[in-house]
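Have a look at the structure below before the remarks.
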Amino acid sequence: MGKENPAEKALNLIRGRLCDPTFVFRPLSGSSDSNYSKLKFIVSTSITEGCNNSILLLGPRGSGKAAVLDLVVGDLMEEYPDSVTLIRLNGLLHSEDNCAFKEIARQLCMEHHLLFSKMASFDENSQFIIAMLRECGLAHKTIIFVLDEFDMFAQGKQRLLYSLLDAMQSVTSQAVVVGISSRLDADQLLEKRVRSRFSHRKILFLPPSREEIDSLLEHLLSLPADSSFPSGYVSQFNEKIKSITSDTRFKDMLKTFLNANSTVNSFLKFIFRAVSSMNLESGLLSLENFKTALSSMQRQPKLEAVRDCSILELYLLVCMRRLEVKEQNSYNFISVMKEYKTIHDSFQTSDYYAQNVCLRAFEHLREREVICYAENRGQSQAGEYRPMKLLISASELHQGMRSHACCPAILLKLLDH
């Protein structure tokens, strides 16, 4: 087996970094004002001082809530190896109370090497959990309950939340409930009896600042100097990264991307795509790699809708566009059919369909929101007589037709003239 190419080795290293949440979020946790520091202080206080806490981590999906929590829990388990028990629940799987209590009992039994009974009733599991909370508290061990999709647990009677928070009112218990939710109003979903026992601590996960993005780029893409890479290759690679990130075109590209989706997760996907298209012969990233990644991630629903149209539907769209060019701003299905017949008679096209078939294609375009009724009036009127309008621009239509797999050449010619 041949020696691994430095370019392939660099590619694998950077891909591995991008897929490792611990590596990604470690530099974002350095500040004393970071979400990592805030969360670690709250949870570590419960461990060291033997108190109970509850906290919500709120923010959009992909903002790093679960990753930062895993980072905090991992660090605390290293610092206090015999003092932390972690219980994980997910609202998509365990929102039903009986299922949730059974899963908590199962995880507690596994953690403390006890025999778990699948046949235990709801009351038996509830009593067992309360007893374990008391025993762990007396042994100065903290149980961390992680409730992912927290808003799902806030539906129904909320018996799980009430039972946990009520048990934590005891002097002997020592636990932390950490809720994770993408709903910013998750705490408002709680019943009065649950809310009164909740500590109302919240950490909001906001999009990273531009300084944090720049720091993250350098952290993720720079190769380490003291590594098995050739020193010349490392300096050349890192210089190229600095050159790209300082380029105004790259900054504009990054700004465009972050304006559309500013979560850390989407940013990592963008970088992963760029890195994956790196030229292995040169072994260096280029601005073109990031352009390719940006274009592949920017969804254009209207262009996709045009690319998925049938040939007949393309004809109808071209007819509507031609009517607009003729300054016939108010048109309906009947006038579109007249234009369609004019095209057929002038060019003797083979794609000519009956009116009822065209009407079905017309309705399909309306359902896909490529066209719509021009006004809400006249709803009692038959659909073919109601004024219509295009919901896509001429450039979008032209671009979509050019990328269409089976678009007849005559249609592009008709669109240009």
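Letters A, B, ... go to the chains of the structure tokens in the order shown; residues in each chain start at 1; ligands are counted from 1 in the same order.
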Open item on the list: When DSSP is applied to the backbone of this structure, which of segment 253-386 of chain A are assigned alpha helix (DSSP H)? Write them out as number ranges by chain.
Closed with: A: 253-260, 264-276, 287-297, 301-307, 311-325, 333-347, 355-367
- [ ] Tell me, as a list in words, which residues lie within 10 Å of segment 154-160 of chain A, counting only C-alpha atoms; anything in the same chain fewer than 5 positions away does not count.
- [x]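 The contact residues come out as Gly91, Ser95, Glu96, Asp97, Asn98, Ala100, Phe101, Ser126, Glu149, Leu165, Asp166, Ala186, Asp187, Gln188, Leu189, Leu190, Glu191, Arg193 and Val194 of chain A.
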- [ ] Extract, using only C-alpha atoms, all DNA, RNA and protein residues at most 7 Å from segment 22-33 of chain A, discarding same-chain residues fewer than 5 positions from it, and format them as a list of chain:residue names.
- [x]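 Near segment 22-33 of chain A, the qualifying residues are A:Arg17, A:Lys38, A:Val68, A:Leu71.
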Extract, using only C-alpha atoms, all DNA, RNA and protein residues at most 10 Å from Leu268 of chain A, discarding same-chain residues fewer than 2 positions from it, and format them as a PDB file with N, CA and C atoms, in the first residue's frame.
ATOM      1  N   ARG A  15     -12.041  17.031   7.133  1.00  0.00           N
ATOM      2  CA  ARG A  15     -13.374  16.393   7.197  1.00  0.00           C
ATOM      3  C   ARG A  15     -13.654  15.832   8.586  1.00  0.00           C
ATOM      4  N   ARG A  17     -12.409  16.909  11.390  1.00  0.00           N
ATOM      5  CA  ARG A  17     -12.658  18.052  12.286  1.00  0.00           C
ATOM      6  C   ARG A  17     -14.108  18.536  12.162  1.00  0.00           C
ATOM      7  N   LEU A  18     -14.569  18.656  10.918  1.00  0.00           N
ATOM      8  CA  LEU A  18     -15.917  19.173  10.673  1.00  0.00           C
ATOM      9  C   LEU A  18     -17.003  18.254  11.228  1.00  0.00           C
ATOM     10  N   CYS A  19     -16.696  16.968  11.346  1.00  0.00           N
ATOM     11  CA  CYS A  19     -17.667  15.994  11.862  1.00  0.00           C
ATOM     12  C   CYS A  19     -17.527  15.755  13.361  1.00  0.00           C
ATOM     13  N   VAL A  24     -15.161  21.379  16.958  1.00  0.00           N
ATOM     14  CA  VAL A  24     -15.768  22.588  16.386  1.00  0.00           C
ATOM     15  C   VAL A  24     -16.071  23.626  17.456  1.00  0.00           C
ATOM     16  N   GLY A  62     -29.583  23.317  14.774  1.00  0.00           N
ATOM     17  CA  GLY A  62     -28.260  23.475  14.182  1.00  0.00           C
ATOM     18  C   GLY A  62     -27.431  24.572  14.803  1.00  0.00           C
ATOM     19  N   LEU A 216     -13.394  30.539  13.693  1.00  0.00           N
ATOM     20  CA  LEU A 216     -13.773  29.147  13.424  1.00  0.00           C
ATOM     21  C   LEU A 216     -13.170  28.663  12.109  1.00  0.00           C
ATOM     22  N   LEU A 217     -13.161  29.531  11.102  1.00  0.00           N
ATOM     23  CA  LEU A 217     -12.565  29.166   9.804  1.00  0.00           C
ATOM     24  C   LEU A 217     -11.093  28.805   9.958  1.00  0.00           C
ATOM     25  N   LEU A 220     -10.700  25.496  11.868  1.00  0.00           N
ATOM     26  CA  LEU A 220     -11.104  24.286  11.133  1.00  0.00           C
ATOM     27  C   LEU A 220     -10.192  23.975   9.957  1.00  0.00           C
ATOM     28  N   THR A 263     -26.864  29.398  11.089  1.00  0.00           N
ATOM     29  CA  THR A 263     -26.543  28.451  12.163  1.00  0.00           C
ATOM     30  C   THR A 263     -25.165  27.834  11.931  1.00  0.00           C
ATOM     31  N   VAL A 264     -24.560  27.375  13.005  1.00  0.00           N
ATOM     32  CA  VAL A 264     -23.231  26.756  12.922  1.00  0.00           C
ATOM     33  C   VAL A 264     -23.289  25.498  12.064  1.00  0.00           C
ATOM     34  N   ASN A 265     -24.370  24.731  12.212  1.00  0.00           N
ATOM     35  CA  ASN A 265     -24.508  23.471  11.472  1.00  0.00           C
ATOM     36  C   ASN A 265     -24.499  23.701   9.966  1.00  0.00           C
ATOM     37  N   SER A 266     -25.248  24.694   9.500  1.00  0.00           N
ATOM     38  CA  SER A 266     -25.291  24.978   8.064  1.00  0.00           C
ATOM     39  C   SER A 266     -23.937  25.497   7.575  1.00  0.00           C
ATOM     40  N   PHE A 270     -21.508  23.906   4.623  1.00  0.00           N
ATOM     41  CA  PHE A 270     -20.949  24.730   3.549  1.00  0.00           C
ATOM     42  C   PHE A 270     -19.444  24.482   3.414  1.00  0.00           C
ATOM     43  N   ILE A 271     -18.730  24.498   4.540  1.00  0.00           N
ATOM     44  CA  ILE A 271     -17.277  24.276   4.530  1.00  0.00           C
ATOM     45  C   ILE A 271     -16.968  22.844   4.071  1.00  0.00           C
ATOM     46  N   PHE A 272     -17.776  21.879   4.523  1.00  0.00           N
ATOM     47  CA  PHE A 272     -17.550  20.463   4.154  1.00  0.00           C
ATOM     48  C   PHE A 272     -17.649  20.289   2.637  1.00  0.00           C
ATOM     49  N   ARG A 273     -18.668  20.926   2.033  1.00  0.00           N
ATOM     50  CA  ARG A 273     -18.834  20.819   0.573  1.00  0.00           C
ATOM     51  C   ARG A 273     -17.663  21.470  -0.167  1.00  0.00           C
ATOM     52  N   ALA A 274     -17.216  22.601   0.347  1.00  0.00           N
ATOM     53  CA  ALA A 274     -16.091  23.293  -0.285  1.00  0.00           C
ATOM     54  C   ALA A 274     -14.826  22.443  -0.218  1.00  0.00           C
TER      55      ALA A 274
END
Task: Nearest candidate to Lys9 of chain A (options A:Leu280, A:Leu115, A:Met388, A:Lys341; using only C-alpha atoms) - done: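 That would be A:Leu280, the residue with the smallest distance to Lys9 of chain A.
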Task: 12 Å contact set for segment 41-43 of chain A, only C-alpha atoms, chain neighbours under 5 positions out, as a ChimeraX atom specification - done: /A:32-36,48-56,69,72-77,80,83-84,86,142-146,174-178,199,201-203
Selected residues written out, C-alpha atoms, as a compact mmCIF listing (two decimals), in the first residue's frame:
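The result, stored in result_23.txt:
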# COMPACT_ATOMS: atom_id res chain seq x y z
CA SER A 32 -16.26 33.55 30.23
CA ASP A 33 -19.41 34.94 28.60
CA SER A 34 -19.88 31.95 26.27
CA ASN A 35 -22.84 29.59 26.53
CA TYR A 36 -20.40 26.81 27.42
CA THR A 48 -20.07 20.82 44.03
CA GLU A 49 -22.71 22.42 46.26
CA GLY A 50 -25.29 19.62 46.19
CA CYS A 51 -28.18 21.77 44.94
CA ASN A 52 -30.91 21.26 42.33
CA ASN A 53 -31.19 23.21 39.10
CA SER A 54 -33.27 23.37 35.93
CA ILE A 55 -32.36 25.20 32.73
CA LEU A 56 -33.53 25.55 29.14
CA LEU A 69 -24.18 20.40 26.34
CA VAL A 72 -19.97 20.45 29.20
CA VAL A 73 -21.09 16.98 30.34
CA GLY A 74 -17.92 15.36 28.93
CA ASP A 75 -15.69 17.84 30.77
CA LEU A 76 -17.61 17.47 34.05
CA MET A 77 -17.46 13.67 33.85
CA TYR A 80 -15.97 14.42 38.69
CA SER A 83 -20.27 12.10 40.87
CA VAL A 84 -22.33 12.39 37.65
CA LEU A 86 -26.46 11.18 32.78
CA THR A 142 -25.76 14.40 40.71
CA ILE A 143 -28.23 13.07 38.14
CA ILE A 144 -28.39 15.16 34.96
CA PHE A 145 -31.67 14.72 33.07
CA VAL A 146 -31.34 15.86 29.43
CA GLN A 174 -29.28 16.37 43.83
CA ALA A 175 -30.28 16.73 40.18
CA VAL A 176 -30.25 19.00 37.13
CA VAL A 177 -32.95 19.07 34.43
CA VAL A 178 -31.67 20.44 31.12
CA SER A 199 -36.01 27.75 38.01
CA ARG A 201 -32.94 29.82 33.74
CA LYS A 202 -32.56 30.09 29.97
CA ILE A 203 -29.54 30.17 27.67
Open item on the list: So that I can check the secondary structure, give me every residue of segment 57-181 of chain A assigned strand (DSSP E or B) by backbone DSSP, as a PyMOL selection string.
Closed with: chain A and resi 57-58+84-90+142-148+175-181
Open item on the list: Quick check, in Å to one decimal: how far apart do atom CA of Gly232 of chain A and atom CA of Val275 of chain A lie?
Closed with: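 Rounded to one decimal, the two atoms are 20.1 Å apart.
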Open item on the list: One decimal, in Å: what's the spacing between atom CA of Arg88 of chain A and atom CA of Ser170 of chain A?
Closed with: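 We find that atom CA of Arg88 of chain A and atom CA of Ser170 of chain A lie 21.9 Å from each other.
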Task: Selected residue, from A:His113, A:Leu303, A:Lys141, A:Ile104, that lies nearest to Gln127 of chain A when counting only C-alpha atoms - done: A:Ile104
Open item on the list: Using only C-alpha atoms for the distances, tell me which of A:Ser335, A:Ser395, A:Ser173, A:Ser46 is nearest to Leu133 of chain A.
Closed with: A:Ser173
Excluding Ser228 of chain A and its own-chain neighbours fewer than 5 positions away, which residues fall within 12 Å of it when counting only C-alpha atoms? Please give them as a compact mmCIF listing (two decimals) with C-alpha atoms, in the first residue's frame.
# COMPACT_ATOMS: atom_id res chain seq x y z
CA GLU A 4 -0.78 8.60 1.62
CA ASN A 5 -0.74 11.78 -0.46
CA PRO A 6 -0.44 14.95 1.77
CA LYS A 9 -4.34 13.36 4.35
CA ALA A 10 -5.23 17.06 4.74
CA LEU A 13 -8.08 15.64 8.64
CA LEU A 223 -3.06 22.59 9.22
CA TYR A 233 3.08 21.98 2.23
CA VAL A 234 1.70 23.17 5.60
TODO: Name the closest residue to Arg134 of chain A among the candidates A:Ala167, A:Met297, A:Ala260, A:Ile392; distances are taken between atoms, counting only C-alpha atoms.
DONE: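 Looking at the shortest contact to Arg134 of chain A, the residue is A:Ala167.
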I want to know what sits within 12 Å of segment 342-352 of chain A, based on only C-alpha atoms, with residues of the same chain fewer than 3 positions away left out; could you give that as a PDB file with N, CA, C and O atoms, in the first residue's frame?
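Writing done, so here's around04.pdb:
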ATOM      1  N   SER A 310     -43.573  19.394 -17.365  1.00  0.00           N
ATOM      2  CA  SER A 310     -43.692  18.604 -18.599  1.00  0.00           C
ATOM      3  C   SER A 310     -43.509  19.531 -19.797  1.00  0.00           C
ATOM      4  O   SER A 310     -43.505  20.760 -19.649  1.00  0.00           O
ATOM      5  N   ILE A 311     -43.365  18.961 -20.994  1.00  0.00           N
ATOM      6  CA  ILE A 311     -43.196  19.763 -22.213  1.00  0.00           C
ATOM      7  C   ILE A 311     -44.411  20.662 -22.429  1.00  0.00           C
ATOM      8  O   ILE A 311     -44.277  21.849 -22.764  1.00  0.00           O
ATOM      9  N   LEU A 312     -45.612  20.114 -22.217  1.00  0.00           N
ATOM     10  CA  LEU A 312     -46.837  20.903 -22.388  1.00  0.00           C
ATOM     11  C   LEU A 312     -46.857  22.088 -21.425  1.00  0.00           C
ATOM     12  O   LEU A 312     -47.216  23.210 -21.804  1.00  0.00           O
ATOM     13  N   GLU A 313     -46.467  21.850 -20.179  1.00  0.00           N
ATOM     14  CA  GLU A 313     -46.450  22.934 -19.189  1.00  0.00           C
ATOM     15  C   GLU A 313     -45.445  24.023 -19.576  1.00  0.00           C
ATOM     16  O   GLU A 313     -45.695  25.210 -19.369  1.00  0.00           O
ATOM     17  N   LEU A 314     -44.315  23.621 -20.172  1.00  0.00           N
ATOM     18  CA  LEU A 314     -43.343  24.608 -20.651  1.00  0.00           C
ATOM     19  C   LEU A 314     -43.945  25.457 -21.767  1.00  0.00           C
ATOM     20  O   LEU A 314     -43.737  26.674 -21.811  1.00  0.00           O
ATOM     21  N   TYR A 315     -44.688  24.829 -22.661  1.00  0.00           N
ATOM     22  CA  TYR A 315     -45.364  25.569 -23.729  1.00  0.00           C
ATOM     23  C   TYR A 315     -46.306  26.617 -23.152  1.00  0.00           C
ATOM     24  O   TYR A 315     -46.342  27.774 -23.602  1.00  0.00           O
ATOM     25  N   LEU A 316     -47.075  26.212 -22.128  1.00  0.00           N
ATOM     26  CA  LEU A 316     -48.044  27.146 -21.522  1.00  0.00           C
ATOM     27  C   LEU A 316     -47.313  28.316 -20.853  1.00  0.00           C
ATOM     28  O   LEU A 316     -47.753  29.468 -20.953  1.00  0.00           O
ATOM     29  N   VAL A 318     -44.359  29.540 -21.691  1.00  0.00           N
ATOM     30  CA  VAL A 318     -43.815  30.388 -22.755  1.00  0.00           C
ATOM     31  C   VAL A 318     -44.923  31.245 -23.364  1.00  0.00           C
ATOM     32  O   VAL A 318     -44.724  32.443 -23.634  1.00  0.00           O
ATOM     33  N   CYS A 319     -46.103  30.653 -23.551  1.00  0.00           N
ATOM     34  CA  CYS A 319     -47.249  31.408 -24.092  1.00  0.00           C
ATOM     35  C   CYS A 319     -47.617  32.571 -23.168  1.00  0.00           C
ATOM     36  O   CYS A 319     -47.864  33.690 -23.627  1.00  0.00           O
ATOM     37  N   ARG A 322     -44.996  35.288 -23.472  1.00  0.00           N
ATOM     38  CA  ARG A 322     -45.127  36.018 -24.737  1.00  0.00           C
ATOM     39  C   ARG A 322     -46.292  37.015 -24.674  1.00  0.00           C
ATOM     40  O   ARG A 322     -46.209  38.110 -25.208  1.00  0.00           O
ATOM     41  N   LEU A 323     -47.363  36.620 -23.978  1.00  0.00           N
ATOM     42  CA  LEU A 323     -48.501  37.534 -23.809  1.00  0.00           C
ATOM     43  C   LEU A 323     -48.102  38.751 -22.984  1.00  0.00           C
ATOM     44  O   LEU A 323     -48.537  39.866 -23.244  1.00  0.00           O
ATOM     45  N   SER A 335     -57.086  32.850 -23.535  1.00  0.00           N
ATOM     46  CA  SER A 335     -56.135  33.634 -24.340  1.00  0.00           C
ATOM     47  C   SER A 335     -54.785  32.924 -24.457  1.00  0.00           C
ATOM     48  O   SER A 335     -54.093  33.044 -25.476  1.00  0.00           O
ATOM     49  N   VAL A 336     -54.409  32.173 -23.427  1.00  0.00           N
ATOM     50  CA  VAL A 336     -53.171  31.381 -23.492  1.00  0.00           C
ATOM     51  C   VAL A 336     -53.308  30.296 -24.560  1.00  0.00           C
ATOM     52  O   VAL A 336     -52.370  30.029 -25.330  1.00  0.00           O
ATOM     53  N   MET A 337     -54.486  29.675 -24.636  1.00  0.00           N
ATOM     54  CA  MET A 337     -54.736  28.637 -25.641  1.00  0.00           C
ATOM     55  C   MET A 337     -54.686  29.216 -27.053  1.00  0.00           C
ATOM     56  O   MET A 337     -54.202  28.566 -27.991  1.00  0.00           O
ATOM     57  N   LYS A 338     -55.153  30.441 -27.232  1.00  0.00           N
ATOM     58  CA  LYS A 338     -55.080  31.104 -28.550  1.00  0.00           C
ATOM     59  C   LYS A 338     -53.623  31.303 -28.959  1.00  0.00           C
ATOM     60  O   LYS A 338     -53.244  31.067 -30.108  1.00  0.00           O
ATOM     61  N   GLU A 339     -52.788  31.725 -28.003  1.00  0.00           N
ATOM     62  CA  GLU A 339     -51.367  31.902 -28.272  1.00  0.00           C
ATOM     63  C   GLU A 339     -50.705  30.565 -28.579  1.00  0.00           C
ATOM     64  O   GLU A 339     -49.842  30.462 -29.467  1.00  0.00           O
ATOM     65  N   GLN A 355     -57.631  20.716 -25.599  1.00  0.00           N
ATOM     66  CA  GLN A 355     -57.842  21.776 -24.618  1.00  0.00           C
ATOM     67  C   GLN A 355     -58.017  21.232 -23.210  1.00  0.00           C
ATOM     68  O   GLN A 355     -57.519  21.819 -22.254  1.00  0.00           O
ATOM     69  N   ASN A 356     -58.726  20.099 -23.056  1.00  0.00           N
ATOM     70  CA  ASN A 356     -58.942  19.548 -21.709  1.00  0.00           C
ATOM     71  C   ASN A 356     -57.631  19.060 -21.083  1.00  0.00           C
ATOM     72  O   ASN A 356     -57.415  19.150 -19.876  1.00  0.00           O
ATOM     73  N   VAL A 357     -56.708  18.572 -21.927  1.00  0.00           N
ATOM     74  CA  VAL A 357     -55.390  18.152 -21.422  1.00  0.00           C
ATOM     75  C   VAL A 357     -54.586  19.382 -20.982  1.00  0.00           C
ATOM     76  O   VAL A 357     -53.936  19.379 -19.935  1.00  0.00           O
ATOM     77  N   CYS A 358     -54.688  20.444 -21.804  1.00  0.00           N
ATOM     78  CA  CYS A 358     -53.984  21.692 -21.472  1.00  0.00           C
ATOM     79  C   CYS A 358     -54.516  22.301 -20.175  1.00  0.00           C
ATOM     80  O   CYS A 358     -53.754  22.859 -19.383  1.00  0.00           O
ATOM     81  N   CYS A 407     -36.216  20.069 -22.836  1.00  0.00           N
ATOM     82  CA  CYS A 407     -36.853  21.272 -23.377  1.00  0.00           C
ATOM     83  C   CYS A 407     -36.609  21.393 -24.884  1.00  0.00           C
ATOM     84  O   CYS A 407     -35.451  21.412 -25.323  1.00  0.00           O
ATOM     85  N   PRO A 408     -37.674  21.483 -25.721  1.00  0.00           N
ATOM     86  CA  PRO A 408     -37.489  21.646 -27.177  1.00  0.00           C
ATOM     87  C   PRO A 408     -36.780  22.959 -27.491  1.00  0.00           C
ATOM     88  O   PRO A 408     -37.026  23.984 -26.850  1.00  0.00           O
ATOM     89  N   ALA A 409     -35.909  22.934 -28.503  1.00  0.00           N
ATOM     90  CA  ALA A 409     -35.138  24.122 -28.874  1.00  0.00           C
ATOM     91  C   ALA A 409     -36.047  25.262 -29.321  1.00  0.00           C
ATOM     92  O   ALA A 409     -35.737  26.438 -29.105  1.00  0.00           O
ATOM     93  N   ILE A 410     -37.200  24.903 -29.919  1.00  0.00           N
ATOM     94  CA  ILE A 410     -38.119  25.923 -30.421  1.00  0.00           C
ATOM     95  C   ILE A 410     -38.642  26.810 -29.302  1.00  0.00           C
ATOM     96  O   ILE A 410     -38.882  28.010 -29.483  1.00  0.00           O
ATOM     97  N   LEU A 411     -38.788  26.234 -28.093  1.00  0.00           N
ATOM     98  CA  LEU A 411     -39.302  27.018 -26.963  1.00  0.00           C
ATOM     99  C   LEU A 411     -38.308  28.081 -26.525  1.00  0.00           C
ATOM    100  O   LEU A 411     -38.697  29.206 -26.202  1.00  0.00           O
ATOM    101  N   LYS A 413     -36.127  29.442 -28.452  1.00  0.00           N
ATOM    102  CA  LYS A 413     -36.155  30.424 -29.528  1.00  0.00           C
ATOM    103  C   LYS A 413     -37.352  31.353 -29.380  1.00  0.00           C
ATOM    104  O   LYS A 413     -37.238  32.580 -29.544  1.00  0.00           O
ATOM    105  N   LEU A 414     -38.526  30.792 -29.044  1.00  0.00           N
ATOM    106  CA  LEU A 414     -39.743  31.582 -28.861  1.00  0.00           C
ATOM    107  C   LEU A 414     -39.616  32.536 -27.666  1.00  0.00           C
ATOM    108  O   LEU A 414     -40.157  33.639 -27.676  1.00  0.00           O
ATOM    109  N   LEU A 415     -38.913  32.075 -26.655  1.00  0.00           N
ATOM    110  CA  LEU A 415     -38.756  32.887 -25.451  1.00  0.00           C
ATOM    111  C   LEU A 415     -37.833  34.078 -25.702  1.00  0.00           C
ATOM    112  O   LEU A 415     -38.006  35.145 -25.099  1.00  0.00           O
TER     113      LEU A 415
END
